$ cat work09.txt   # compact mmCIF, C-alpha atoms
# COMPACT_ATOMS: atom_id res chain seq x y z
CA MET S 1 42.64 -45.15 -35.67
CA SER S 2 42.30 -45.53 -39.43
CA GLU S 3 39.92 -42.95 -40.84
CA SER S 4 38.97 -45.00 -43.90
CA PHE S 5 38.66 -48.52 -45.21
CA SER S 6 37.29 -50.08 -48.35
CA ILE S 7 34.11 -51.93 -49.22
CA GLY S 8 34.96 -53.46 -52.55
CA SER S 9 36.71 -50.67 -54.47
CA ARG S 10 34.93 -47.89 -52.58
CA GLN S 11 36.76 -46.04 -49.81
CA VAL S 12 34.62 -45.37 -46.75
CA GLY S 13 35.61 -42.78 -44.16
CA ARG S 14 35.31 -39.14 -43.15
CA GLY S 15 37.68 -38.09 -45.93
CA HIS S 16 35.42 -39.58 -48.59
CA LYS S 17 31.94 -38.89 -49.91
CA PRO S 18 29.28 -40.44 -47.61
CA TYR S 19 28.57 -44.10 -48.31
CA LEU S 20 24.80 -44.64 -48.56
CA ILE S 21 23.17 -48.03 -48.10
CA ALA S 22 19.61 -48.67 -49.28
CA GLU S 23 18.14 -51.39 -47.06
CA MET S 24 15.62 -53.49 -49.00
CA SER S 25 14.60 -55.72 -46.08
CA GLY S 26 11.09 -57.08 -46.78
CA ASN S 27 10.01 -54.30 -49.13
CA HIS S 28 10.16 -56.71 -52.10
CA ASN S 29 6.68 -57.86 -51.01
CA HIS S 30 7.28 -61.46 -52.13
CA SER S 31 8.19 -60.49 -55.70
CA LEU S 32 11.61 -61.02 -57.25
CA ASP S 33 10.68 -58.63 -60.05
CA ARG S 34 9.92 -55.96 -57.46
CA ALA S 35 13.20 -56.72 -55.68
CA LEU S 36 15.11 -56.18 -58.92
CA GLU S 37 13.15 -52.97 -59.53
CA ILE S 38 14.14 -51.76 -56.06
CA VAL S 39 17.79 -52.39 -56.93
CA SER S 40 17.42 -50.34 -60.13
CA ALA S 41 15.68 -47.51 -58.28
CA ALA S 42 18.34 -47.48 -55.56
CA ALA S 43 21.10 -47.18 -58.15
CA ALA S 44 19.25 -44.37 -59.94
CA SER S 45 18.74 -42.61 -56.59
CA GLY S 46 22.44 -42.46 -55.77
CA ALA S 47 22.89 -45.39 -53.40
CA ASP S 48 26.33 -46.95 -53.05
CA ALA S 49 24.96 -50.28 -51.87
CA ILE S 50 21.79 -52.30 -51.57
CA LYS S 51 21.46 -54.44 -48.47
CA LEU S 52 19.48 -57.62 -47.93
CA GLN S 53 18.65 -59.70 -44.87
CA THR S 54 19.46 -63.41 -44.96
CA TYR S 55 17.36 -65.70 -42.76
CA THR S 56 14.31 -67.93 -42.75
CA ALA S 57 11.50 -67.82 -40.23
CA ALA S 58 12.75 -71.11 -38.81
CA THR S 59 16.29 -69.78 -38.25
CA MET S 60 14.90 -66.73 -36.46
CA THR S 61 12.32 -68.10 -34.04
CA LEU S 62 9.78 -70.83 -33.21
CA ASP S 63 6.33 -71.12 -34.77
CA LEU S 64 4.41 -70.27 -31.60
CA ASP S 65 1.63 -67.87 -30.62
CA THR S 66 2.45 -67.84 -26.92
CA PRO S 67 3.60 -64.75 -24.97
CA GLY S 68 6.98 -63.52 -26.12
CA PHE S 69 6.46 -64.94 -29.58
CA VAL S 70 3.76 -62.38 -30.45
CA ILE S 71 4.50 -58.65 -30.68
CA ASP S 72 2.55 -56.84 -27.96
CA ASP S 73 3.31 -53.16 -28.50
CA PRO S 74 0.58 -50.77 -29.68
CA ALA S 75 3.27 -48.40 -31.00
CA SER S 76 4.80 -51.07 -33.23
CA PRO S 77 3.79 -51.34 -36.90
CA TRP S 78 3.76 -55.11 -36.32
CA ASN S 79 1.60 -55.16 -33.18
CA GLY S 80 -0.27 -58.44 -32.84
CA ARG S 81 1.86 -60.33 -35.35
CA SER S 82 3.60 -63.52 -34.35
CA LEU S 83 7.35 -63.39 -34.87
CA TYR S 84 7.27 -66.47 -37.07
CA ASP S 85 4.58 -65.07 -39.40
CA LEU S 86 6.35 -61.71 -39.59
CA TYR S 87 9.68 -63.28 -40.56
CA GLU S 88 7.98 -65.62 -42.99
CA GLU S 89 6.51 -62.58 -44.74
CA ALA S 90 9.63 -60.43 -44.59
CA HIS S 91 12.40 -62.87 -45.49
CA THR S 92 14.19 -62.73 -48.83
CA PRO S 93 14.24 -66.22 -50.41
CA TRP S 94 17.81 -67.45 -50.57
CA ASP S 95 17.55 -68.35 -54.26
CA TRP S 96 16.81 -64.67 -55.00
CA HIS S 97 20.14 -63.50 -53.57
CA ALA S 98 22.29 -64.38 -56.59
CA PRO S 99 20.11 -62.64 -59.21
CA ILE S 100 19.68 -59.59 -56.96
CA MET S 101 23.44 -59.34 -56.42
CA GLU S 102 24.20 -59.87 -60.08
CA HIS S 103 21.76 -57.09 -61.02
CA ALA S 104 23.29 -54.79 -58.41
CA ARG S 105 26.81 -55.40 -59.75
CA SER S 106 25.63 -54.63 -63.28
CA LEU S 107 24.49 -51.21 -62.03
CA GLY S 108 27.69 -50.47 -60.09
CA LEU S 109 26.14 -51.14 -56.67
CA HIS S 110 27.62 -53.19 -53.87
CA CYS S 111 25.22 -55.77 -52.50
CA PHE S 112 25.66 -57.45 -49.14
CA SER S 113 23.47 -58.67 -46.33
CA SER S 114 22.73 -59.06 -42.65
CA PRO S 115 23.07 -62.75 -41.78
CA PHE S 116 21.19 -63.95 -38.72
CA ASP S 117 22.92 -67.26 -38.09
CA SER S 118 26.01 -69.19 -39.21
CA THR S 119 24.18 -70.99 -42.02
CA ALA S 120 23.40 -67.60 -43.56
CA VAL S 121 27.09 -66.64 -43.36
CA ASP S 122 28.09 -69.90 -45.04
CA PHE S 123 25.60 -69.22 -47.81
CA LEU S 124 26.67 -65.58 -48.31
CA GLU S 125 30.30 -66.62 -48.54
CA THR S 126 29.42 -68.68 -51.64
CA LEU S 127 28.24 -65.39 -53.19
CA ASP S 128 31.45 -63.53 -52.24
CA VAL S 129 29.72 -60.58 -50.61
CA PRO S 130 32.02 -57.55 -50.07
CA ALA S 131 30.94 -56.88 -46.45
CA TYR S 132 28.62 -57.98 -43.67
CA LYS S 133 26.13 -56.13 -41.51
CA ILE S 134 25.24 -57.18 -37.96
CA ALA S 135 21.72 -56.01 -37.07
CA SER S 136 21.25 -54.16 -33.79
CA PHE S 137 19.36 -56.98 -32.09
CA GLU S 138 22.19 -59.38 -33.03
CA LEU S 139 24.95 -57.26 -31.47
CA VAL S 140 24.84 -59.51 -28.41
CA ASP S 141 25.20 -62.68 -30.54
CA ILE S 142 28.95 -63.02 -30.08
CA PRO S 143 29.23 -66.39 -31.92
CA LEU S 144 27.57 -64.83 -34.98
CA ILE S 145 29.93 -61.84 -34.87
CA GLU S 146 32.93 -64.14 -34.58
CA ARG S 147 31.75 -66.19 -37.57
CA VAL S 148 31.27 -63.06 -39.68
CA ALA S 149 34.60 -61.55 -38.60
CA ALA S 150 36.43 -64.77 -39.50
CA THR S 151 35.63 -64.11 -43.17
CA GLY S 152 38.02 -61.14 -43.11
CA LYS S 153 35.39 -58.92 -44.75
CA PRO S 154 34.47 -55.47 -43.36
CA VAL S 155 31.96 -55.77 -40.52
CA ILE S 156 29.27 -53.10 -40.03
CA MET S 157 27.49 -53.35 -36.67
CA SER S 158 24.42 -51.43 -35.48
CA THR S 159 24.46 -50.57 -31.79
CA GLY S 160 20.73 -50.14 -31.08
CA MET S 161 20.03 -50.63 -27.37
CA ALA S 162 23.52 -51.94 -26.60
CA THR S 163 25.34 -50.70 -23.53
CA VAL S 164 28.94 -49.55 -23.63
CA ALA S 165 29.98 -52.94 -22.26
CA GLU S 166 27.96 -54.81 -24.91
CA ILE S 167 29.40 -52.71 -27.73
CA GLY S 168 32.88 -53.32 -26.34
CA GLU S 169 32.30 -57.08 -26.24
CA ALA S 170 31.10 -57.05 -29.86
CA VAL S 171 34.04 -54.96 -31.11
CA MET S 172 36.60 -57.07 -29.26
CA ALA S 173 35.00 -60.28 -30.53
CA ALA S 174 35.13 -59.03 -34.12
CA ARG S 175 38.76 -57.96 -33.84
CA ARG S 176 39.79 -61.11 -32.03
CA ALA S 177 38.19 -63.26 -34.74
CA GLY S 178 40.03 -61.48 -37.55
CA ALA S 179 38.00 -58.46 -38.63
CA GLN S 180 40.39 -55.91 -40.14
CA ASN S 181 37.78 -53.20 -40.65
CA THR S 182 34.88 -52.59 -38.28
CA ILE S 183 32.42 -49.72 -38.38
CA LEU S 184 29.71 -49.13 -35.80
CA LEU S 185 26.36 -47.54 -36.61
CA LYS S 186 24.47 -45.40 -34.12
CA CYS S 187 20.99 -46.84 -34.23
CA THR S 188 17.69 -46.36 -32.42
CA SER S 189 15.79 -49.64 -32.29
CA THR S 190 12.26 -48.30 -32.78
CA TYR S 191 10.37 -48.44 -36.06
CA PRO S 192 9.93 -45.68 -37.03
CA ALA S 193 12.28 -43.79 -34.72
CA GLU S 194 11.74 -40.23 -33.53
CA PRO S 195 14.48 -37.61 -33.89
CA LEU S 196 14.08 -36.87 -30.18
CA ASN S 197 15.31 -40.39 -29.38
CA THR S 198 18.16 -40.47 -31.88
CA ASN S 199 20.89 -38.81 -29.76
CA LEU S 200 23.36 -38.16 -32.55
CA ALA S 201 25.70 -36.51 -30.03
CA THR S 202 26.73 -40.06 -29.09
CA ILE S 203 28.51 -40.59 -32.43
CA PRO S 204 31.85 -38.88 -31.57
CA THR S 205 31.90 -40.58 -28.16
CA ILE S 206 31.44 -44.04 -29.70
CA ARG S 207 34.22 -43.27 -32.20
CA GLU S 208 36.63 -42.15 -29.48
CA THR S 209 35.71 -44.99 -27.11
CA PHE S 210 36.10 -47.87 -29.55
CA GLY S 211 38.63 -46.49 -32.01
CA CYS S 212 36.59 -47.05 -35.15
CA GLU S 213 34.45 -45.09 -37.57
CA VAL S 214 30.80 -44.56 -36.59
CA GLY S 215 27.95 -44.12 -39.04
CA LEU S 216 24.16 -44.11 -38.70
CA SER S 217 21.44 -46.68 -39.22
CA ASP S 218 18.46 -44.36 -39.42
CA HIS S 219 14.82 -45.34 -38.94
CA THR S 220 13.46 -41.79 -38.70
CA MET S 221 11.24 -40.32 -41.37
CA GLY S 222 12.78 -37.94 -43.88
CA THR S 223 16.43 -37.03 -44.36
CA GLY S 224 17.19 -34.41 -41.70
CA VAL S 225 18.58 -36.75 -39.04
CA ALA S 226 20.88 -38.50 -41.51
CA VAL S 227 22.21 -35.22 -42.90
CA ALA S 228 22.86 -33.94 -39.37
CA SER S 229 24.92 -37.05 -38.59
CA ILE S 230 27.36 -36.16 -41.37
CA ALA S 231 28.38 -33.04 -39.43
CA LEU S 232 29.26 -35.29 -36.47
CA GLY S 233 31.55 -37.42 -38.62
CA ALA S 234 29.27 -40.21 -39.85
CA PRO S 235 30.83 -41.60 -43.06
CA LEU S 236 28.09 -44.17 -43.75
CA ILE S 237 24.29 -43.93 -43.66
CA GLU S 238 21.82 -46.80 -43.88
CA LYS S 239 18.15 -46.10 -44.68
CA HIS S 240 15.31 -48.47 -45.53
CA PHE S 241 14.22 -48.10 -49.14
CA THR S 242 11.04 -48.87 -51.06
CA LEU S 243 9.49 -47.98 -54.39
CA ALA S 244 6.42 -46.45 -52.73
CA ARG S 245 5.22 -46.52 -49.12
CA ALA S 246 1.65 -46.82 -50.39
CA ASP S 247 2.52 -50.27 -51.75
CA GLY S 248 2.73 -51.57 -48.18
CA GLY S 249 5.16 -54.12 -46.78
CA VAL S 250 6.63 -54.91 -43.39
CA ASP S 251 9.07 -51.97 -43.44
CA SER S 252 7.36 -49.57 -45.82
CA ALA S 253 6.15 -47.16 -43.13
CA PHE S 254 9.69 -45.99 -42.31
CA SER S 255 11.32 -46.43 -45.73
CA LEU S 256 12.43 -43.73 -48.15
CA GLU S 257 11.00 -43.52 -51.65
CA PRO S 258 13.36 -42.96 -54.62
CA ALA S 259 12.94 -39.17 -54.79
CA GLU S 260 13.59 -38.93 -51.05
CA PHE S 261 16.69 -41.09 -51.30
CA ARG S 262 17.97 -38.89 -54.12
CA ALA S 263 17.49 -35.89 -51.81
CA LEU S 264 19.38 -37.79 -49.11
CA ARG S 265 22.26 -38.35 -51.54
CA GLU S 266 22.40 -34.68 -52.51
CA GLU S 267 22.07 -33.26 -49.00
CA CYS S 268 24.53 -35.69 -47.39
CA ASP S 269 27.08 -34.81 -50.07
CA ARG S 270 26.50 -31.10 -49.47
CA ALA S 271 26.87 -31.54 -45.72
CA TRP S 272 30.11 -33.49 -46.17
CA GLN S 273 31.53 -30.87 -48.55
CA ALA S 274 30.54 -28.10 -46.14
CA ILE S 275 32.51 -29.58 -43.21
CA GLY S 276 35.83 -28.82 -44.89
CA THR S 277 38.72 -27.81 -42.63
CA VAL S 278 39.30 -25.20 -39.93
CA THR S 279 39.97 -21.93 -41.73
CA PHE S 280 39.93 -18.20 -41.00
CA GLY S 281 40.47 -15.14 -43.14
CA GLY S 282 38.41 -16.17 -46.13
CA THR S 283 38.90 -18.63 -48.95
CA LYS S 284 39.94 -18.11 -52.56
CA ALA S 285 36.29 -18.26 -53.53
CA GLU S 286 35.59 -15.29 -51.23
CA GLU S 287 38.26 -12.98 -52.66
CA GLY S 288 35.81 -11.28 -54.97
CA SER S 289 33.54 -10.45 -52.04
CA ARG S 290 36.06 -8.17 -50.39
CA LEU S 291 34.62 -5.26 -52.36
CA PHE S 292 31.45 -5.55 -50.24
CA ARG S 293 33.35 -4.67 -47.06
CA ARG S 294 33.27 -1.08 -45.86
CA SER S 295 36.44 0.97 -46.04
CA LEU S 296 37.45 4.65 -45.88
CA TYR S 297 36.86 6.81 -48.95
CA ILE S 298 37.16 10.48 -49.81
CA ALA S 299 33.50 11.58 -50.08
CA GLN S 300 34.03 15.13 -51.44
CA ASP S 301 36.52 16.77 -53.81
CA MET S 302 39.40 18.16 -51.73
CA LYS S 303 42.27 20.54 -52.34
CA ALA S 304 45.78 20.06 -51.01
CA GLY S 305 45.84 21.13 -47.34
CA ASP S 306 42.10 20.61 -46.72
CA VAL S 307 41.22 19.09 -43.35
CA LEU S 308 39.58 15.66 -43.11
CA THR S 309 36.11 15.76 -41.53
CA ALA S 310 33.23 13.34 -41.00
CA GLU S 311 31.65 14.76 -44.19
CA ASN S 312 34.60 14.27 -46.55
CA LEU S 313 35.98 11.02 -45.10
CA ARG S 314 33.45 8.22 -44.79
CA ALA S 315 33.28 4.46 -44.26
CA ILE S 316 31.46 3.09 -47.30
CA ARG S 317 31.55 0.20 -49.74
CA PRO S 318 33.63 -0.96 -51.64
CA GLY S 319 36.48 -2.27 -49.53
CA TYR S 320 39.58 -0.95 -51.29
CA GLY S 321 40.41 1.85 -48.85
CA LEU S 322 41.87 1.80 -45.36
CA PRO S 323 39.85 -0.14 -42.75
CA PRO S 324 37.18 1.92 -40.92
CA LYS S 325 39.01 1.42 -37.61
CA TYR S 326 41.42 4.21 -38.67
CA ILE S 327 38.79 6.95 -39.13
CA ASP S 328 39.30 8.53 -35.71
CA HIS S 329 43.06 8.50 -36.32
CA LEU S 330 42.62 10.40 -39.61
CA LEU S 331 39.96 13.00 -38.79
CA GLY S 332 41.58 16.45 -38.41
CA ARG S 333 44.57 15.62 -40.61
CA ARG S 334 45.21 17.32 -43.95
CA VAL S 335 45.46 15.90 -47.45
CA LEU S 336 48.82 16.26 -49.20
CA ARG S 337 47.38 16.87 -52.68
CA ASP S 338 44.17 17.47 -54.57
CA VAL S 339 41.87 14.44 -54.22
CA VAL S 340 38.69 13.70 -56.16
CA ARG S 341 35.52 12.31 -54.64
CA GLY S 342 35.54 8.48 -54.66
CA THR S 343 39.27 8.03 -54.00
CA PRO S 344 40.03 5.16 -51.59
CA ALA S 345 41.87 6.38 -48.51
CA SER S 346 45.54 5.40 -48.30
CA TRP S 347 48.33 6.56 -46.02
CA ASP S 348 50.19 8.39 -48.78
CA LEU S 349 47.27 10.86 -49.18
CA PHE S 350 47.64 12.44 -45.76
CA VAL S 351 50.06 14.61 -43.83
CA PRO S 352 51.71 12.29 -41.27
CA ALA S 353 50.64 12.71 -37.67
CA ARG S 354 53.15 14.37 -35.34

$ encode --input "work09.txt" --output "structure tokens"
Amino acid sequence: MSESFSIGSRQVGRGHKPYLIAEMSGNHNHSLDRALEIVSAAAASGADAIKLQTYTAATMTLDLDTPGFVIDDPASPWNGRSLYDLYEEAHTPWDWHAPIMEHARSLGLHCFSSPFDSTAVDFLETLDVPAYKIASFELVDIPLIERVAATGKPVIMSTGMATVAEIGEAVMAARRAGAQNTILLKCTSTYPAEPLNTNLATIPTIRETFGCEVGLSDHTMGTGVAVASIALGAPLIEKHFTLARADGGVDSAFSLEPAEFRALREECDRAWQAIGTVTFGGTKAEEGSRLFRRSLYIAQDMKAGDVLTAENLRAIRPGYGLPPKYIDHLLGRRVLRDVVRGTPASWDLFVPAR
């Protein structure tokens, strides 16, 4: 299994700094100016990419208010909304994509999208996006996955509620259709999600089962869950992003603000650096700390022939003498020469044992 691949010129994998995606979704609140401001804020907050969603209400659902077409979940931030009205509010107009992507490129950000049908893929191909994202609810849309994979671009797929069999079908479809690089994202399809339901322990199992890198699409509040995923090998994190939750919007309740995303950048990088490699015996950086270990020292002035006792041979700091484990071996032996208080114990000071 390859442990890295590229999105544009950026290497993504466990051997590289975490790749952070700021998901704009509907947080533009119907304003292109606000969308461009979100891009600027994401770049300033340390994001590697800004992600859009490409659909229209009509490509997502039917304009109906009958059961199934209206959200009926008191725990949902969209309870009572019809699907059509929700997608009409949340969608990013297609003629905004080019200026948003151009602005992102000018700031050194990648910009790509989640397409929700083949017409969206056709459109995004005209913009030469560097990658594609398959949303968790679309993981079972095999024709969509095959269309995306046929572009040859990296394919990022959220797992959400998918079973092992469903994930396997999606991965095989992507590979069969030509995807060279596929990364799965552990995802909990509730908005917001609770840490208790996130089950990050699944990340290594997904990676081993499907032979690809596994990141995190995180809908929890704060940064703790995302940072924890880095320790389990997640090389990519996706978080929803807004200028201010107080501004409202369909996804604002579970989106990070700029200062929070900056903290995510810093803490994910720290977590990644801290993983390092398996090592024992200290690092170069720790060499100077050896003086804080205890070791054996002469604690009183002694004359040649004096006997070592618990009063004149002690385990103290610094750590330049013999290790404390030898104290019982040395007590009762005699010193070979005069020794001043504060001399580190060494074998050449003592009469050899018989």

$ closest_residue --input "work09.txt" --among "S:Ala285, S:Ala228, S:Gly152, S:Tyr191" --to "Arg270 in chain S" --atoms "only C-alpha atoms"
S:Ala228

$ closest_residue --input "work09.txt" --among "S:Ser31, S:Thr119, S:Ser76, S:Thr61" --to "Thr92 in chain S" --atoms "only C-alpha atoms"
S:Ser31

$ residues_around --input "work09.txt" --residues "range 34-48 of chain S" --least-positions-apart "6" --cutoff "6 Å" --atoms "all atoms listed in the file" --output "list in words"
Tyr19, Leu20, Ile21, His28, Leu109, Pro258, Phe261, Arg262 and Arg265 of chain S

$ residues_around --input "work09.txt" --residues "Asn197 in chain S" --least-positions-apart "2" --cutoff "12 Å" --atoms "all atoms listed in the file" --output "list of chain:residue names"
S:Gly160, S:Met161, S:Lys186, S:Cys187, S:Thr188, S:Ser189, S:Thr190, S:Tyr191, S:Pro192, S:Ala193, S:Glu194, S:Pro195, S:Asn199, S:Leu200, S:Ala201, S:Thr202, S:Asp218, S:His219, S:Thr220, S:Val225

$ atom_distance --input "work09.txt" --atom1 "CA of Leu256 in chain S" --atom2 "CA of His110 in chain S"
18.8 Å

$ closest_residue --input "work09.txt" --among "S:Ala226, S:Thr66, S:Phe137, S:Pro130" --to "Arg81 in chain S" --atoms "only C-alpha atoms"
S:Thr66

$ atom_distance --input "work09.txt" --atom1 "CA of Ala150 in chain S" --atom2 "CA of Leu216 in chain S"
24.0 Å

$ residues_around --input "work09.txt" --residues "Leu139 in chain S" --least-positions-apart "5" --cutoff "9 Å" --atoms "only C-alpha atoms" --output "ChimeraX atom specification"
/S:134,144-145,157-160,162,166-167,170

$ atom_distance --input "work09.txt" --atom1 "CA of Pro115 in chain S" --atom2 "CA of Ile100 in chain S"
15.9 Å

$ residues_around --input "work09.txt" --residues "Leu291 in chain S" --least-positions-apart "5" --cutoff "8 Å" --atoms "all atoms listed in the file" --output "PyMOL selection string"
chain S and resi 317-320

$ closest_residue --input "work09.txt" --among "S:Ala22, S:Val121, S:Ala234, S:Val339" --to "Trp272 in chain S" --atoms "all atoms listed in the file"
S:Ala234

$ closest_residue --input "work09.txt" --among "S:Asn27, S:Gly248, S:Trp347, S:Val171" --to "Gly211 in chain S" --atoms "all atoms listed in the file"
S:Val171

$ closest_residue --input "work09.txt" --among "S:Val250, S:Ala274, S:Leu296, S:Leu330" --to "Tyr87 in chain S" --atoms "only C-alpha atoms"
S:Val250

$ residues_around --input "work09.txt" --residues "Thr59 in chain S" --least-positions-apart "4" --cutoff "12 Å" --atoms "only C-alpha atoms" --output "JSON, numbers by chain"
{"S": [54, 55, 63, 83, 84, 87, 88, 91, 115, 116, 117, 118, 119, 120]}

$ build_atoms --input "work09.txt" --residues "range 86-111 of chain S" --atoms "N, CA and C atoms" --output "short mmCIF file (atom, residue, chain, number, x, y, z; two decimals), in the coordinates of the input"
data_model
loop_
_atom_site.label_atom_id
_atom_site.label_comp_id
_atom_site.auth_asym_id
_atom_site.auth_seq_id
_atom_site.Cartn_x
_atom_site.Cartn_y
_atom_site.Cartn_z
N LEU S 86 5.71 -62.94 -39.11
CA LEU S 86 6.35 -61.71 -39.59
C LEU S 86 7.61 -62.04 -40.38
N TYR S 87 8.45 -62.93 -39.85
CA TYR S 87 9.68 -63.28 -40.56
C TYR S 87 9.40 -64.09 -41.81
N GLU S 88 8.36 -64.87 -41.78
CA GLU S 88 7.98 -65.62 -42.99
C GLU S 88 7.60 -64.65 -44.10
N GLU S 89 6.90 -63.57 -43.75
CA GLU S 89 6.51 -62.58 -44.74
C GLU S 89 7.70 -61.75 -45.21
N ALA S 90 8.59 -61.41 -44.29
CA ALA S 90 9.63 -60.43 -44.59
C ALA S 90 10.88 -61.03 -45.22
N HIS S 91 11.11 -62.33 -45.08
CA HIS S 91 12.40 -62.87 -45.49
C HIS S 91 12.58 -62.80 -47.01
N THR S 92 13.82 -62.71 -47.42
CA THR S 92 14.19 -62.73 -48.83
C THR S 92 14.61 -64.16 -49.18
N PRO S 93 13.87 -64.83 -50.06
CA PRO S 93 14.24 -66.22 -50.41
C PRO S 93 15.71 -66.30 -50.81
N TRP S 94 16.37 -67.35 -50.35
CA TRP S 94 17.81 -67.45 -50.57
C TRP S 94 18.14 -67.60 -52.05
N ASP S 95 17.24 -68.20 -52.84
CA ASP S 95 17.55 -68.35 -54.26
C ASP S 95 17.37 -67.04 -55.03
N TRP S 96 16.87 -65.99 -54.37
CA TRP S 96 16.81 -64.67 -55.00
C TRP S 96 18.13 -63.92 -54.85
N HIS S 97 18.95 -64.29 -53.87
CA HIS S 97 20.14 -63.50 -53.57
C HIS S 97 21.06 -63.34 -54.78
N ALA S 98 21.35 -64.44 -55.47
CA ALA S 98 22.29 -64.38 -56.59
C ALA S 98 21.80 -63.45 -57.69
N PRO S 99 20.54 -63.57 -58.17
CA PRO S 99 20.11 -62.64 -59.21
C PRO S 99 20.05 -61.18 -58.74
N ILE S 100 19.70 -60.97 -57.48
CA ILE S 100 19.68 -59.59 -56.96
C ILE S 100 21.10 -59.03 -56.95
N MET S 101 22.06 -59.81 -56.49
CA MET S 101 23.44 -59.34 -56.42
C MET S 101 24.03 -59.14 -57.79
N GLU S 102 23.70 -60.02 -58.71
CA GLU S 102 24.20 -59.87 -60.08
C GLU S 102 23.65 -58.58 -60.70
N HIS S 103 22.36 -58.31 -60.48
CA HIS S 103 21.76 -57.09 -61.02
C HIS S 103 22.41 -55.85 -60.39
N ALA S 104 22.65 -55.92 -59.08
CA ALA S 104 23.29 -54.79 -58.41
C ALA S 104 24.67 -54.52 -58.99
N ARG S 105 25.47 -55.57 -59.18
CA ARG S 105 26.81 -55.40 -59.75
C ARG S 105 26.74 -54.78 -61.14
N SER S 106 25.75 -55.17 -61.93
CA SER S 106 25.63 -54.63 -63.28
C SER S 106 25.35 -53.13 -63.28
N LEU S 107 24.82 -52.63 -62.16
CA LEU S 107 24.49 -51.21 -62.03
C LEU S 107 25.53 -50.44 -61.21
N GLY S 108 26.62 -51.12 -60.85
CA GLY S 108 27.69 -50.47 -60.09
C GLY S 108 27.42 -50.37 -58.61
N LEU S 109 26.46 -51.15 -58.10
CA LEU S 109 26.14 -51.14 -56.67
C LEU S 109 26.82 -52.31 -55.97
N HIS S 110 27.27 -52.07 -54.74
CA HIS S 110 27.62 -53.19 -53.87
C HIS S 110 26.32 -53.81 -53.37
N CYS S 111 26.36 -55.09 -53.11
CA CYS S 111 25.22 -55.77 -52.50
C CYS S 111 25.73 -56.72 -51.45
#
